[in-house]
Amino acid sequence: MEQQPIEMILLKHWASYVATPIWITDSAGNLTFYNEPAEPILGRRFDEAGEIAADRLAEVFVTSDPDGSPIPSEELPLVVALTQQIPSHRKIRISALDGSFRLIEVTAIPIVGQGGRHLGAMAAFWEPG
């Protein structure tokens, strides 16, 4: 297994201590971590789901607009943060790993390491109250 950049190791460590649901992807878009507060929203413990390859994410977590209409993948906040390297926010509906649908708000930011290295993206998300 390839050694992860220290920034990503520290980010995962930080995410494990915050109460906000957090999702972290590497620079290729692979899901590498989500924290315990994210588990009830996503429908499964991360220890059970594990890392998920970028090419499988769209089938595992089906996303749509709140009204159910499709969202082009390039408009999803994490994809915008990864590809355009700018923050992005949107309200979306997801199918969770437990089969339920949830309305969430997502804010994604690119993760840029020392020396300007593009390391991935992080999303904070929550169910609107």
# chains A, B, ... in the order shown; residues from 1 in each chain; ligands from 1
$ closest_atom_pairs --of "region 3-79 of chain A" --to "region 115-125 of chain A" --cutoff "12 Å" --atoms "only C-alpha atoms" --output "Markdown table"
| residue | atom | partner | partner_atom | distance |
| --- | --- | --- | --- | --- |
| A:Gln4 | CA | A:Leu119 | CA | 9.5 |
| A:Pro5 | CA | A:Leu119 | CA | 7.9 |
| A:Ile6 | CA | A:Leu119 | CA | 10.3 |
| A:Glu7 | CA | A:Leu119 | CA | 8.3 |
| A:Met8 | CA | A:Leu119 | CA | 7.4 |
| A:Ile9 | CA | A:Leu119 | CA | 11.1 |
| A:Leu11 | CA | A:Met122 | CA | 9.0 |
| A:Lys12 | CA | A:Met122 | CA | 9.8 |
| A:Trp14 | CA | A:Met122 | CA | 11.9 |
| A:Ala15 | CA | A:Ala124 | CA | 9.8 |
| A:Val18 | CA | A:Ala124 | CA | 10.6 |
| A:Ala19 | CA | A:Ala124 | CA | 10.4 |
| A:Thr20 | CA | A:Ala124 | CA | 6.7 |
| A:Pro21 | CA | A:Phe125 | CA | 5.7 |
| A:Ile22 | CA | A:Ala124 | CA | 4.7 |
| A:Trp23 | CA | A:Ala123 | CA | 5.1 |
| A:Ile24 | CA | A:Met122 | CA | 4.5 |
| A:Thr25 | CA | A:Ala121 | CA | 5.4 |
| A:Asp26 | CA | A:Gly120 | CA | 4.1 |
| A:Ser27 | CA | A:Gly120 | CA | 3.8 |
| A:Ala28 | CA | A:Gly120 | CA | 7.1 |
| A:Gly29 | CA | A:Gly120 | CA | 6.9 |
| A:Asn30 | CA | A:Gly120 | CA | 8.8 |
| A:Leu31 | CA | A:Ala121 | CA | 9.6 |
| A:Thr32 | CA | A:Gly120 | CA | 9.8 |
| A:Phe33 | CA | A:Met122 | CA | 9.6 |
| A:Tyr34 | CA | A:Ala123 | CA | 9.3 |
| A:Asn35 | CA | A:Ala124 | CA | 10.2 |
| A:Pro37 | CA | A:Phe125 | CA | 9.9 |
| A:Ala38 | CA | A:Phe125 | CA | 8.0 |
| A:Glu39 | CA | A:Phe125 | CA | 11.5 |
| A:Pro40 | CA | A:Phe125 | CA | 12.0 |
| A:Ile41 | CA | A:Phe125 | CA | 9.2 |
| A:Leu42 | CA | A:Phe125 | CA | 10.4 |
| A:Ala54 | CA | A:Gly120 | CA | 11.8 |
| A:Leu76 | CA | A:Ala123 | CA | 10.9 |
| A:Pro77 | CA | A:Ala123 | CA | 8.0 |
| A:Leu78 | CA | A:Ala121 | CA | 6.5 |
| A:Val79 | CA | A:Ala121 | CA | 8.5 |
$ closest_residue --among "A:Ala96, A:Pro72, A:Ile104, A:Pro87" --to "Val60 (chain A)" --atoms "only C-alpha atoms"
A:Ala96
$ select_by_dssp --residues "region 39-127 of chain A" --states "alpha helix (DSSP H)" --output "list in words"
Glu39, Pro40, Ile41, Leu42, Phe46, Asp47, Glu48, Ala49, Ala54, Asp55, Arg56, Leu57, Ala58, Glu59, Val60, Pro77, Leu78, Val79, Val80, Ala81, Leu82 and Thr83 of chain A
$ residues_around --residues "Val62 (chain A)" --least-positions-apart "6" --cutoff "12 Å" --atoms "only C-alpha atoms" --output "list of chain:residue names"
A:Leu42, A:Arg56, A:Gly68, A:Ser69, A:Pro70, A:Ile71, A:Pro72, A:Ser73, A:Leu76, A:Ile92, A:Arg93, A:Ile94, A:Ser95, A:Ala96, A:Leu97, A:Gly99, A:Ser100, A:Phe101, A:Arg102, A:Leu103
$ atom_distance --atom1 "CA of Ala108 (chain A)" --atom2 "CA of Val80 (chain A)"
8.1 Å
